[in-house]
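What follows is a single structure, written as structure tokens, with notes after it.
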Amino acid sequence: MKLRDSLSAISLIFIAFILAALYFNGFRFTREGTVTASAAASTPTTVTEPPPLKIKSGAVFGAITLDSYAISIKNRVLALTLYWQTGAPLTKNYKMFVHIFDPSQDKIVLQADVLPGVPTTKWAKDELITHAEAFALEKLPRGTYNVGVGWYDEASGQRLGERLILNYAVVIP
């Protein structure tokens, strides 16, 4: 009997700890049973997206490899961090692109075409290069969107392989 009471008390303490952690990180539980997240000076919204995930990739674009990526949506802003590396020295400075697109029409609705912070000709073999992008989603119409990434030679427009569609759907309710 004592062991069961001790386990019950430990379970209640654990649940209280989890609920307190969620509360102090901005999550609120409503009477309807939904979890909401609120930012300072904003109206609470229903949480529909998971926390940032770091997803292994291994996709190859010529000599550039996407090791992994982290992606999340908070307050209608998509945050994407890409972890790139090369297995061999690069002789050209390539430009990276990120597309958010409607897969039903392959129509790009948001994009970034950027040179990485460290030019690709300066990348050391097997060095992990991090690049972050953020996209405001508030003007996107309802729908489901895909995120694609890739590289190209700006002078010729030639892509290094195909656009990689990340394993993450952006759903605008």
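Starting from 1 in every chain, residues are counted up; chains themselves are A, B, ... following the order of the structure tokens, and ligands are numbered from 1 as listed.
Excluding Leu90 (chain A) itself and same-chain residues fewer than 5 positions from it, the residues having an atom within 8 Å of it are Ala63, Thr120, Thr121, Lys122 and Trp123 of chain A, counting only C-alpha atoms.
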Expected file: the selected residues, all heavy atoms, as a PDB file, in the first residue's frame:
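The result, written out as part.pdb:
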ATOM      1  N   ALA A  63      28.651  18.604 -55.165  1.00  0.00           N
ATOM      2  CA  ALA A  63      29.556  18.291 -54.057  1.00  0.00           C
ATOM      3  C   ALA A  63      29.035  18.799 -52.720  1.00  0.00           C
ATOM      4  O   ALA A  63      29.705  18.691 -51.705  1.00  0.00           O
ATOM      5  CB  ALA A  63      30.939  18.878 -54.337  1.00  0.00           C
ATOM      6  N   THR A 120      30.893  29.405 -50.875  1.00  0.00           N
ATOM      7  CA  THR A 120      31.129  27.961 -51.000  1.00  0.00           C
ATOM      8  C   THR A 120      32.590  27.636 -51.344  1.00  0.00           C
ATOM      9  O   THR A 120      33.059  26.555 -51.005  1.00  0.00           O
ATOM     10  CB  THR A 120      30.178  27.333 -52.033  1.00  0.00           C
ATOM     11  OG1 THR A 120      30.315  28.008 -53.284  1.00  0.00           O
ATOM     12  CG2 THR A 120      28.737  27.407 -51.570  1.00  0.00           C
ATOM     13  N   THR A 121      33.316  28.546 -51.997  1.00  0.00           N
ATOM     14  CA  THR A 121      34.732  28.284 -52.306  1.00  0.00           C
ATOM     15  C   THR A 121      35.603  28.316 -51.051  1.00  0.00           C
ATOM     16  O   THR A 121      36.749  27.876 -51.081  1.00  0.00           O
ATOM     17  CB  THR A 121      35.292  29.307 -53.321  1.00  0.00           C
ATOM     18  OG1 THR A 121      35.085  30.630 -52.808  1.00  0.00           O
ATOM     19  CG2 THR A 121      34.624  29.146 -54.677  1.00  0.00           C
ATOM     20  N   LYS A 122      35.068  28.826 -49.957  1.00  0.00           N
ATOM     21  CA  LYS A 122      35.818  28.907 -48.688  1.00  0.00           C
ATOM     22  C   LYS A 122      35.454  27.772 -47.728  1.00  0.00           C
ATOM     23  O   LYS A 122      35.964  27.690 -46.623  1.00  0.00           O
ATOM     24  CB  LYS A 122      35.545  30.250 -47.988  1.00  0.00           C
ATOM     25  CG  LYS A 122      35.860  31.462 -48.819  1.00  0.00           C
ATOM     26  CD  LYS A 122      37.332  31.707 -48.890  1.00  0.00           C
ATOM     27  CE  LYS A 122      37.572  33.017 -49.622  1.00  0.00           C
ATOM     28  NZ  LYS A 122      38.864  33.111 -50.205  1.00  0.00           N
ATOM     29  N   TRP A 123      34.531  26.893 -48.115  1.00  0.00           N
ATOM     30  CA  TRP A 123      34.129  25.804 -47.239  1.00  0.00           C
ATOM     31  C   TRP A 123      35.255  24.780 -47.133  1.00  0.00           C
ATOM     32  O   TRP A 123      35.843  24.370 -48.137  1.00  0.00           O
ATOM     33  CB  TRP A 123      32.894  25.098 -47.773  1.00  0.00           C
ATOM     34  CG  TRP A 123      31.627  25.895 -47.701  1.00  0.00           C
ATOM     35  CD1 TRP A 123      31.492  27.213 -47.403  1.00  0.00           C
ATOM     36  CD2 TRP A 123      30.315  25.402 -47.959  1.00  0.00           C
ATOM     37  NE1 TRP A 123      30.171  27.580 -47.466  1.00  0.00           N
ATOM     38  CE2 TRP A 123      29.424  26.493 -47.806  1.00  0.00           C
ATOM     39  CE3 TRP A 123      29.802  24.181 -48.316  1.00  0.00           C
ATOM     40  CZ2 TRP A 123      28.061  26.365 -47.981  1.00  0.00           C
ATOM     41  CZ3 TRP A 123      28.440  24.058 -48.495  1.00  0.00           C
ATOM     42  CH2 TRP A 123      27.575  25.136 -48.321  1.00  0.00           C
TER      43      TRP A 123
END
Legend entry - 10 Å contact set for Val77 (chain A), only C-alpha atoms, chain neighbours under 5 positions out, as number ranges by chain: A: 72, 134-138
Selection file, N, CA and C atoms, as a short mmCIF file (atom, residue, chain, number, x, y, z; two decimals), in the first residue's frame:
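Wrote it out as result06.cif, contents follow:
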data_model
loop_
_atom_site.label_atom_id
_atom_site.label_comp_id
_atom_site.auth_asym_id
_atom_site.auth_seq_id
_atom_site.Cartn_x
_atom_site.Cartn_y
_atom_site.Cartn_z
N SER A 72 10.48 25.01 -38.01
CA SER A 72 9.36 25.21 -37.09
C SER A 72 8.53 26.40 -37.54
N ALA A 134 14.00 32.91 -42.41
CA ALA A 134 12.68 33.03 -41.78
C ALA A 134 11.71 33.61 -42.80
N PHE A 135 10.49 33.10 -42.80
CA PHE A 135 9.46 33.54 -43.75
C PHE A 135 8.20 33.90 -42.98
N ALA A 136 7.68 35.12 -43.18
CA ALA A 136 6.40 35.52 -42.60
C ALA A 136 5.28 34.89 -43.43
N LEU A 137 4.39 34.18 -42.76
CA LEU A 137 3.34 33.43 -43.47
C LEU A 137 1.97 34.09 -43.40
N GLU A 138 1.86 35.26 -42.74
CA GLU A 138 0.53 35.82 -42.48
C GLU A 138 -0.25 36.19 -43.74
#
Inset, instruction - Go through A:Asn146, A:Gln158, A:Thr65, A:Leu140 and flag the residue nearest Asp106 (chain A), using only C-alpha atoms for the distances. - result: A:Asn146
Can you list, as an mmCIF file with C-alpha atoms, in the first residue's frame, every protein, DNA or RNA residue that comes within 9 Å of Thr130 (chain A) when you count only C-alpha atoms, leaving out same-chain residues fewer than 2 positions away?
data_model
loop_
_atom_site.group_PDB
_atom_site.id
_atom_site.type_symbol
_atom_site.label_atom_id
_atom_site.label_comp_id
_atom_site.auth_asym_id
_atom_site.auth_seq_id
_atom_site.Cartn_x
_atom_site.Cartn_y
_atom_site.Cartn_z
ATOM 1 C CA THR A 81 17.952 26.264 -40.369
ATOM 2 C CA LEU A 82 19.950 24.292 -42.928
ATOM 3 C CA TYR A 83 23.169 22.410 -42.109
ATOM 4 C CA TRP A 84 25.338 22.027 -45.229
ATOM 5 C CA GLN A 85 28.743 20.506 -45.900
ATOM 6 C CA PRO A 116 25.631 31.701 -47.927
ATOM 7 C CA GLY A 117 27.407 33.696 -45.207
ATOM 8 C CA LEU A 128 29.276 21.988 -41.156
ATOM 9 C CA ALA A 132 19.014 30.242 -41.305
#
Inset, instruction - Please measure the separation of CA of Val171 (chain A) and CA of Phe97 (chain A), giving the value in Å to one decimal. - result: 20.8 Å
Legend entry - Shell of 6 Å around His99 (chain A), only C-alpha atoms, local chain residues under 4 positions omitted, as a PyMOL selection string: chain A and resi 111+147-148
Could the residues in this selection be saved with all heavy atoms as a CSV table (one decimal), in the first residue's frame?
chain,number,residue,atom,x,y,z
A,111,GLN,N,10.0,33.0,-51.5
A,111,GLN,CA,11.3,32.4,-51.8
A,111,GLN,C,12.4,33.3,-51.3
A,111,GLN,O,12.3,34.4,-51.0
A,111,GLN,CB,11.5,32.2,-53.3
A,111,GLN,CG,11.8,33.4,-54.1
A,111,GLN,CD,11.9,33.1,-55.6
A,111,GLN,OE1,10.9,32.6,-56.2
A,111,GLN,NE2,13.1,33.2,-56.2
A,147,VAL,N,8.1,23.0,-48.8
A,147,VAL,CA,9.3,23.7,-48.7
A,147,VAL,C,10.4,23.0,-49.5
A,147,VAL,O,10.6,21.8,-49.3
A,147,VAL,CB,9.8,23.9,-47.2
A,147,VAL,CG1,11.1,24.7,-47.2
A,147,VAL,CG2,8.7,24.5,-46.4
A,148,GLY,N,11.0,23.7,-50.4
A,148,GLY,CA,12.0,23.1,-51.3
A,148,GLY,C,13.3,23.9,-51.2
A,148,GLY,O,13.3,25.1,-51.0
Legend entry - Minimum-distance residue to Phe61 (chain A), chosen among A:Pro119, A:Gly157, A:Pro173, A:Gly87 (using only C-alpha atoms): A:Gly87
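Using only C-alpha atoms, the nearest neighbour of Ile71 (chain A) within the list A:Glu133, A:Tyr94, A:Gly143, A:Asp153 is A:Glu133.
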Inset, instruction - Kindly give the distance, in Å, that separates CA of Thr144 (chain A) and CA of Asp102 (chain A), rounded to a single decimal. - result: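 Computing it gives 6.8 Å between the two atoms.
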Legend entry - Among listed residues A:Ala79, A:Leu166, A:Ile129, A:Met96, nearest Asp113 (chain A) (using only C-alpha atoms):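 Counting only C-alpha atoms, the residue closest to Asp113 (chain A) is A:Met96.
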Legend entry - Gly150 (chain A) surroundings by only C-alpha atoms, 8 Å radius, close-in-sequence under 5 positions cut, as a list of chain:residue names: A:Phe61, A:Met96, A:Phe97, A:Val98, A:Arg159, A:Leu160, A:Gly161, A:Glu162, A:Arg163, A:Leu164
Inset, instruction - List the neighbours of Gly58 (chain A) out to 8 Å using only C-alpha atoms; skip same-chain residues closer than 2 positions along the sequence, and give me the result as a PyMOL selection string. - result: chain A and resi 56+60+65-68
Legend entry - Distance criterion (only C-alpha atoms): nearest to Ala70 (chain A) out of A:Pro141, A:Thr86, A:Glu154, A:His131: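 Selected residue with least distance to Ala70 (chain A): A:His131.
Distances to Val109 (chain A) were evaluated for A:Val170, A:Glu127, A:Pro89, A:Tyr145 using only C-alpha atoms, and the minimum falls at A:Tyr145.
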Inset, instruction - May I ask for the distance between CA of Ala112 (chain A) and CA of Asn75 (chain A), given in Å to one decimal place? - result: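 Here the two named atoms are 19.8 Å from each other.
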